[in-house]
Amino acid sequence: MKNINPTSTDAWNVLTEHFKDVKNLNLREAFSQNSNRAEELTLTEGDFLVDLSKNLITKETQQKLIDLAKECELDAAIHSYFNGEKINATENRAVLHTALRTQDTSSKVGEKVTAALASKEKMFAFVDAVNDGKITAANGQKFDTIVNIGIGGSDLGPVMIYEALQAYKNEMTLHFVSNVEGDHVEEVIKKINPETTLFVIVSKSFGTQETLTNSTTIRNWFSKKVNDHAIAQHFIAVSSNVQRAVDFGIDQENIFPMFDWVGGRFSLWSTVGMSVALGIGTQNFQDLLEGAHEMDEHFKNTTFEKNIPVQLGLLTIWYNNFYKAQSEAVIPYTQYLHRLPAYLQQAIMESNGKSVDRNGNPVNYETGNIVWGEPGTNSQHAFFQLIHQGTKLIPAHFIAFAKAKYHHPDHHNKLMANFFAQTEALMNGKNQDEVIKDLQSSGKSEEEINKLAPFKVFTGNKPTTTILIDELTPRSLGKLVAMYEHKIFVEGVIWNIYSYDQWGVELGKILADRILNDIENSESDAHDASTTQLLQKFYSINN
Ligand SMILES: O=P(O)(O)OC[C@H]1O[C@H](O)[C@H](O)[C@@H](O)[C@@H]1O
């Protein structure tokens, strides 16, 4: 991929000028002036409807952003991404999570696809055998519980998917242990029967402190509760470092390899999805992959104007770099997606939280937006106040599914009424006249009205993107997650950064090891005064 500083392109200059006009755009007026606005700024792809029309853009903005994408050679970059070029250059790796969800072995990455299909076949055979009771616990009973031990990409993707697909789960009960916190481990192991539990250790590197510590504690607990000989049947591993997993004591047969061309935070489609596949069955897992593949095809083959991930990525650039918005909210109107924001935080912020461009030079523009959110309607009763009336611009994604899983029309209508009402209210706001009229009709005195009115005014004009999907299924979920993966890619290309490394995480790991050594020797002197004082307080409570 070429090194192109986006701010040195013609399109950037054009956008800078264009921004001066658009920053005064009033969405209410934009709709009344153009009766086709909704239609012109809405994208569809099968069961997905993505309405961009409540954003602070015009058709012209969209065109100018596309020009930016073209000047930054997004087309060629997409080609490099899907064709397995080593676009993760700082780690000298290709980025091919897309190869995990296709059957096409005839492409340039055919060999990788063949390897991925073989690895999926081994995983599916294992999953089916466990779920059919052909592979059993050491005592011959059927496994009824899975404990996934992993962190970061080896946890967030699987948990998010499993929670999202609760309506598709089988009889297996899943637990996830991630934090290096004895209390977290304890809370999980006290709920399970080790005799019928399968432990899935997931670590791409098999070198992550949290996962190894938790696995060791759980293995020791298991051998006390059951016995040492049963370990081989009850512990399996997913890793790209097979040797380390063998050294840990996992039976070679029970190690499911991952590929180094799949980044941790994009790995849920691989054997990292083992626990999920055990919990929802192989057919549902396959549907998840096929949904993601559908989005891959859309992304690869659709013109930029109609391309959902391209348009969403460009909107982020627009808000981040021109409006200087610091963050974006993602609000799913379903409890099933309650872990989506956490999953996206890793996917988005670990990928695009970079301040050096592809030449190794500090960037002279903003990158990596902050992402956060919670399901609606809960979040309406929590942080929506700030989105409606705070001082910050927070573009938000509103995601909902037109059809509910269970038949409770009263609930679903109310949920969806809130979903539609919020984006409308964020856009329309409530002006002084409307506020005064309301207060008058509620019988308030003129004095009270004058006092209260300023607090009740909503400026409106708050941008939102509505993503309305027919129904939450494994397929539509796969498609939604892939949509965000490609959005991340688009942003990284425009920002001219490497989205697929994560050197920033490494420093914290090294420092924690150093302090651990001090803690084990009750030392505190080698640090700054603040850290020394905190360590001493810690020792005083624990010794
Ligand atoms: O799967 P593992 O090798 O144990 O890595 C788990 C996590 O480790 C680090 O935090 C990386 O930054 C993450 O991207 C990764 O997902």
# chains A, B, ... in the order shown; residues from 1 in each chain; ligands from 1

$ residues_around --residues "Leu426 (chain A)" --least-positions-apart "6" --cutoff "9 Å" --atoms "only C-alpha atoms" --output "PyMOL selection string"
chain A and resi 387-388+458-464

$ write_last_selection --atoms "N, CA and C atoms" --output "mmCIF file, in the first residue's frame"
data_model
loop_
_atom_site.group_PDB
_atom_site.id
_atom_site.type_symbol
_atom_site.label_atom_id
_atom_site.label_comp_id
_atom_site.auth_asym_id
_atom_site.auth_seq_id
_atom_site.Cartn_x
_atom_site.Cartn_y
_atom_site.Cartn_z
ATOM 1 N N ILE A 387 -25.428 13.290 25.283
ATOM 2 C CA ILE A 387 -25.511 13.338 23.813
ATOM 3 C C ILE A 387 -26.524 14.418 23.387
ATOM 4 N N HIS A 388 -27.638 14.499 24.118
ATOM 5 C CA HIS A 388 -28.679 15.472 23.764
ATOM 6 C C HIS A 388 -28.286 16.908 24.095
ATOM 7 N N PHE A 458 -33.370 21.944 23.431
ATOM 8 C CA PHE A 458 -32.436 20.977 22.831
ATOM 9 C C PHE A 458 -32.006 21.572 21.501
ATOM 10 N N THR A 459 -30.723 21.768 21.311
ATOM 11 C CA THR A 459 -30.299 22.383 20.050
ATOM 12 C C THR A 459 -30.558 21.459 18.860
ATOM 13 N N GLY A 460 -30.553 20.148 19.104
ATOM 14 C CA GLY A 460 -30.755 19.203 18.002
ATOM 15 C C GLY A 460 -29.549 19.188 17.071
ATOM 16 N N ASN A 461 -29.772 18.739 15.839
ATOM 17 C CA ASN A 461 -28.700 18.666 14.845
ATOM 18 C C ASN A 461 -27.596 17.696 15.260
ATOM 19 N N LYS A 462 -27.949 16.718 16.077
ATOM 20 C CA LYS A 462 -26.964 15.723 16.529
ATOM 21 C C LYS A 462 -27.000 14.565 15.537
ATOM 22 N N PRO A 463 -25.858 14.236 14.954
ATOM 23 C CA PRO A 463 -25.863 13.251 13.868
ATOM 24 C C PRO A 463 -25.988 11.799 14.341
ATOM 25 N N THR A 464 -26.773 11.055 13.615
ATOM 26 C CA THR A 464 -26.873 9.612 13.881
ATOM 27 C C THR A 464 -26.916 8.841 12.570
#

$ closest_atom_pairs --of "chain A" --to "ligand 1" --cutoff "6 Å" --atoms "only C-alpha atoms and all ligand atoms" --output "Markdown table"
| residue | atom | partner | partner_atom_place_in_ligand_line | distance |
| --- | --- | --- | --- | --- |
| A:Ile151 | CA | ligand 1 | 6 (C) | 5.1 |
| A:Gly152 | CA | ligand 1 | 16 (O) | 3.9 |
| A:Gly153 | CA | ligand 1 | 16 (O) | 3.4 |
| A:Ser154 | CA | ligand 1 | 1 (O) | 4.9 |
| A:Ser203 | CA | ligand 1 | 1 (O) | 3.4 |
| A:Lys204 | CA | ligand 1 | 3 (O) | 3.7 |
| A:Ser205 | CA | ligand 1 | 3 (O) | 3.6 |
| A:Phe206 | CA | ligand 1 | 3 (O) | 5.6 |
| A:Thr208 | CA | ligand 1 | 4 (O) | 4.6 |
| A:Gly264 | CA | ligand 1 | 16 (O) | 4.3 |
| A:Arg265 | CA | ligand 1 | 16 (O) | 5.3 |
| A:Gln502 | CA | ligand 1 | 12 (O) | 5.5 |
| A:Val505 | CA | ligand 1 | 12 (O) | 5.2 |

$ closest_residue --among "A:Phe143, A:Phe124, A:Phe19, A:Tyr484" --to "Gln345 (chain A)" --atoms "only C-alpha atoms"
A:Tyr484

$ residues_around --residues "Val177 (chain A)" --least-positions-apart "2" --cutoff "7 Å" --atoms "only C-alpha atoms" --output "PDB file with C-alpha atoms, in the first residue's frame"
ATOM      1  CA  ASN A 148     -13.206 -20.454  27.636  1.00  0.00           C
ATOM      2  CA  ILE A 149      -9.929 -19.175  29.057  1.00  0.00           C
ATOM      3  CA  GLY A 150      -8.519 -16.271  27.037  1.00  0.00           C
ATOM      4  CA  HIS A 175     -18.399 -19.507  30.918  1.00  0.00           C
ATOM      5  CA  ASN A 179      -9.116 -11.305  33.823  1.00  0.00           C
ATOM      6  CA  HIS A 184     -12.873 -13.996  38.598  1.00  0.00           C
ATOM      7  CA  VAL A 185     -11.548 -17.554  38.367  1.00  0.00           C
TER       8      VAL A 185
END

$ select_by_dssp --residues "region 100-230 of chain A" --states "strand (DSSP E)" --output "list in words"
Thr145, Ile146, Val147, Asn148, Ile149, Thr173, Leu174, His175, Phe176, Val177, Thr197, Leu198, Phe199, Val200, Ile201 and Val202 of chain A

$ write_last_selection --atoms "C-alpha atoms" --output "mmCIF file, in the first residue's frame"
data_model
loop_
_atom_site.group_PDB
_atom_site.id
_atom_site.type_symbol
_atom_site.label_atom_id
_atom_site.label_comp_id
_atom_site.auth_asym_id
_atom_site.auth_seq_id
_atom_site.Cartn_x
_atom_site.Cartn_y
_atom_site.Cartn_z
ATOM 1 C CA THR A 145 -20.136 -27.027 30.316
ATOM 2 C CA ILE A 146 -17.411 -25.136 28.493
ATOM 3 C CA VAL A 147 -14.976 -22.724 30.108
ATOM 4 C CA ASN A 148 -13.206 -20.454 27.636
ATOM 5 C CA ILE A 149 -9.929 -19.175 29.057
ATOM 6 C CA THR A 173 -23.418 -23.853 29.255
ATOM 7 C CA LEU A 174 -20.535 -21.511 28.530
ATOM 8 C CA HIS A 175 -18.399 -19.507 30.918
ATOM 9 C CA PHE A 176 -15.588 -17.116 30.072
ATOM 10 C CA VAL A 177 -12.559 -16.450 32.256
ATOM 11 C CA THR A 197 -16.542 -29.469 31.963
ATOM 12 C CA LEU A 198 -14.329 -28.952 28.944
ATOM 13 C CA PHE A 199 -11.734 -26.179 29.270
ATOM 14 C CA VAL A 200 -10.757 -24.353 26.094
ATOM 15 C CA ILE A 201 -7.529 -22.391 26.462
ATOM 16 C CA VAL A 202 -7.412 -19.779 23.731
#

$ closest_residue --among "A:Thr7, A:Glu60, A:Thr217, A:Glu297" --to "Val22 (chain A)" --atoms "only C-alpha atoms"
A:Glu60

$ atom_distance --atom1 "CA of Ala292 (chain A)" --atom2 "CA of Lys2 (chain A)"
27.2 Å

$ closest_residue --among "A:Glu163, A:Glu45, A:Glu111, A:Glu29" --to "Gly291 (chain A)" --atoms "only C-alpha atoms"
A:Glu45

$ residues_around --residues "region 363-380 of chain A" --least-positions-apart "2" --cutoff "9 Å" --atoms "only C-alpha atoms" --output "PyMOL selection string"
chain A and resi 5-7+316-317+320-321+324-342+344-345+348-357+360-361+382-385+396+398+415+418-419+422+491-492+495-497

$ closest_residue --among "A:Leu117, A:Lys306, A:Gln243, A:Ala400" --to "Asn413 (chain A)" --atoms "only C-alpha atoms"
A:Ala400

$ residues_around --residues "Ile469 (chain A)" --least-positions-apart "3" --cutoff "12 Å" --atoms "only C-alpha atoms" --output "list in words"
Leu43, Thr44, Glu45, Gly46, Asp47, Phe48, Leu49, Val50, Asp51, Pro332, Tyr333, Thr334, Phe398, Ile399, Ala400, Phe401, Ala402, Lys403, Ala404, Thr466, Leu472, Thr473, Arg475, Ser476, Leu477, Lys479 and Leu480 of chain A

$ closest_residue --among "A:Asp433, A:Gly281, A:Ala245, A:Ile192" --to "Asn170 (chain A)" --atoms "only C-alpha atoms"
A:Gly281

$ select_by_dssp --residues "region 358-478 of chain A" --states "alpha helix (DSSP H)" --output "ChimeraX atom specification"
/A:384-389,409-428,432-441,446-456,474-478

$ write_last_selection --atoms "C-alpha atoms" --output "compact mmCIF listing (two decimals), in the first residue's frame"
# COMPACT_ATOMS: atom_id res chain seq x y z
CA PHE A 384 -28.08 10.14 26.63
CA GLN A 385 -28.37 13.40 28.55
CA LEU A 386 -24.84 14.26 27.44
CA ILE A 387 -25.51 13.34 23.81
CA HIS A 388 -28.68 15.47 23.76
CA GLN A 389 -27.60 18.50 25.75
CA PRO A 409 -45.29 -7.14 20.30
CA ASP A 410 -45.98 -4.82 23.19
CA HIS A 411 -42.30 -4.86 24.18
CA HIS A 412 -40.94 -4.78 20.69
CA ASN A 413 -43.12 -1.87 19.62
CA LYS A 414 -42.00 0.10 22.66
CA LEU A 415 -38.34 -0.76 22.08
CA MET A 416 -38.55 0.27 18.44
CA ALA A 417 -40.56 3.40 19.24
CA ASN A 418 -37.67 4.48 21.44
CA PHE A 419 -35.17 3.56 18.75
CA PHE A 420 -36.91 5.72 16.14
CA ALA A 421 -37.77 8.49 18.56
CA GLN A 422 -34.22 9.03 19.73
CA THR A 423 -32.63 9.63 16.35
CA GLU A 424 -35.51 11.91 15.44
CA ALA A 425 -35.20 13.82 18.71
CA LEU A 426 -31.41 14.08 18.42
CA MET A 427 -31.87 15.60 14.99
CA ASN A 428 -34.88 17.83 15.61
CA GLN A 432 -37.30 27.85 22.46
CA ASP A 433 -40.76 28.37 20.92
CA GLU A 434 -41.64 24.73 21.25
CA VAL A 435 -40.43 24.67 24.84
CA ILE A 436 -42.42 27.77 25.74
CA LYS A 437 -45.57 26.39 24.11
CA ASP A 438 -45.24 23.17 26.09
CA LEU A 439 -44.70 24.98 29.35
CA GLN A 440 -47.68 27.23 28.67
CA SER A 441 -49.95 24.31 28.00
CA GLU A 446 -44.63 33.40 32.75
CA GLU A 447 -42.00 33.74 35.44
CA GLU A 448 -41.59 29.98 35.73
CA ILE A 449 -41.46 29.64 31.95
CA ASN A 450 -38.67 32.21 31.66
CA LYS A 451 -36.73 30.48 34.38
CA LEU A 452 -37.10 26.94 33.02
CA ALA A 453 -37.03 27.41 29.27
CA PRO A 454 -33.24 27.62 28.73
CA PHE A 455 -32.76 24.26 30.43
CA LYS A 456 -35.40 22.58 28.34
CA PRO A 474 -26.04 -15.87 13.02
CA ARG A 475 -25.88 -14.74 9.41
CA SER A 476 -26.86 -11.10 10.00
CA LEU A 477 -24.58 -10.94 13.02
CA GLY A 478 -21.62 -12.14 10.94

$ atom_distance --atom1 "CA of Thr102 (chain A)" --atom2 "CA of Val159 (chain A)"
23.0 Å

$ closest_atom_pairs --of "region 381-500 of chain A" --to "region 89-95 of chain A" --cutoff "10 Å" --atoms "only C-alpha atoms" --output "tab-separated table"
residue	atom	partner	partner_atom	distance
A:Tyr498	CA	A:Ala89	CA	7.5
A:Ser499	CA	A:Ala89	CA	9.9
A:Tyr500	CA	A:Val95	CA	7.5

$ atom_distance --atom1 "CA of Lys86 (chain A)" --atom2 "CA of Pro158 (chain A)"
26.0 Å

$ residues_around --residues "Glu523 (chain A)" --least-positions-apart "4" --cutoff "12 Å" --atoms "only C-alpha atoms" --output "count of residues only"
15

$ residues_around --residues "Asp247 (chain A)" --least-positions-apart "4" --cutoff "12 Å" --atoms "only C-alpha atoms" --output "number ranges by chain"
A: 206-207, 212, 237, 241-243, 251-252, 255

$ write_last_selection --atoms "N, CA and C atoms" --output "compact mmCIF listing (two decimals), in the first residue's frame"
# COMPACT_ATOMS: atom_id res chain seq x y z
N PHE A 206 0.03 -18.06 23.11
CA PHE A 206 0.20 -18.95 24.25
C PHE A 206 1.29 -18.42 25.19
N GLY A 207 1.36 -17.08 25.25
CA GLY A 207 2.35 -16.46 26.12
C GLY A 207 1.74 -15.35 26.95
N LEU A 212 -2.28 -17.71 30.83
CA LEU A 212 -1.46 -18.80 31.38
C LEU A 212 -1.68 -18.93 32.89
N ALA A 237 -6.63 -26.72 23.49
CA ALA A 237 -6.05 -25.39 23.28
C ALA A 237 -6.24 -24.94 21.84
N ASN A 241 0.87 -21.05 18.51
CA ASN A 241 2.14 -21.53 19.04
C ASN A 241 1.94 -22.93 19.64
N VAL A 242 1.88 -23.91 18.72
CA VAL A 242 1.54 -25.28 19.13
C VAL A 242 2.55 -25.81 20.16
N GLN A 243 3.84 -25.48 19.96
CA GLN A 243 4.85 -26.01 20.87
C GLN A 243 4.59 -25.58 22.31
N ASP A 251 -2.58 -32.22 25.07
CA ASP A 251 -2.41 -33.31 24.13
C ASP A 251 -2.34 -32.75 22.71
N GLN A 252 -1.32 -33.16 21.95
CA GLN A 252 -1.13 -32.63 20.59
C GLN A 252 -2.42 -32.70 19.75
N ILE A 255 -4.90 -29.78 20.14
CA ILE A 255 -4.49 -28.40 19.87
C ILE A 255 -5.01 -28.00 18.49

$ decode --residues "region 8-34 of chain A" --atoms "C-alpha atoms" --output "PDB file, in the first residue's frame"
ATOM      1  CA  SER A   8      -1.649  16.518   1.343  1.00  0.00           C
ATOM      2  CA  THR A   9      -4.292  15.387  -1.139  1.00  0.00           C
ATOM      3  CA  ASP A  10      -6.370  17.754  -3.268  1.00  0.00           C
ATOM      4  CA  ALA A  11      -9.519  16.181  -1.899  1.00  0.00           C
ATOM      5  CA  TRP A  12      -8.507  17.108   1.659  1.00  0.00           C
ATOM      6  CA  ASN A  13      -8.163  20.757   0.687  1.00  0.00           C
ATOM      7  CA  VAL A  14     -11.485  20.650  -1.084  1.00  0.00           C
ATOM      8  CA  LEU A  15     -13.084  19.057   1.987  1.00  0.00           C
ATOM      9  CA  THR A  16     -11.546  21.707   4.241  1.00  0.00           C
ATOM     10  CA  GLU A  17     -13.228  24.415   2.151  1.00  0.00           C
ATOM     11  CA  HIS A  18     -16.451  22.443   1.869  1.00  0.00           C
ATOM     12  CA  PHE A  19     -16.542  22.003   5.645  1.00  0.00           C
ATOM     13  CA  LYS A  20     -16.790  25.755   6.096  1.00  0.00           C
ATOM     14  CA  ASP A  21     -20.211  25.625   4.356  1.00  0.00           C
ATOM     15  CA  VAL A  22     -21.462  22.355   5.755  1.00  0.00           C
ATOM     16  CA  LYS A  23     -20.666  23.077   9.368  1.00  0.00           C
ATOM     17  CA  ASN A  24     -23.757  25.289   9.451  1.00  0.00           C
ATOM     18  CA  LEU A  25     -25.952  22.613   7.917  1.00  0.00           C
ATOM     19  CA  ASN A  26     -29.243  22.279   9.691  1.00  0.00           C
ATOM     20  CA  LEU A  27     -30.584  18.767   9.382  1.00  0.00           C
ATOM     21  CA  ARG A  28     -34.230  19.738   9.849  1.00  0.00           C
ATOM     22  CA  GLU A  29     -33.910  22.249   7.014  1.00  0.00           C
ATOM     23  CA  ALA A  30     -31.934  19.834   4.867  1.00  0.00           C
ATOM     24  CA  PHE A  31     -34.850  17.412   5.020  1.00  0.00           C
ATOM     25  CA  SER A  32     -37.442  20.046   4.284  1.00  0.00           C
ATOM     26  CA  GLN A  33     -35.418  21.390   1.356  1.00  0.00           C
ATOM     27  CA  ASN A  34     -34.817  18.005  -0.230  1.00  0.00           C
TER      28      ASN A  34
END
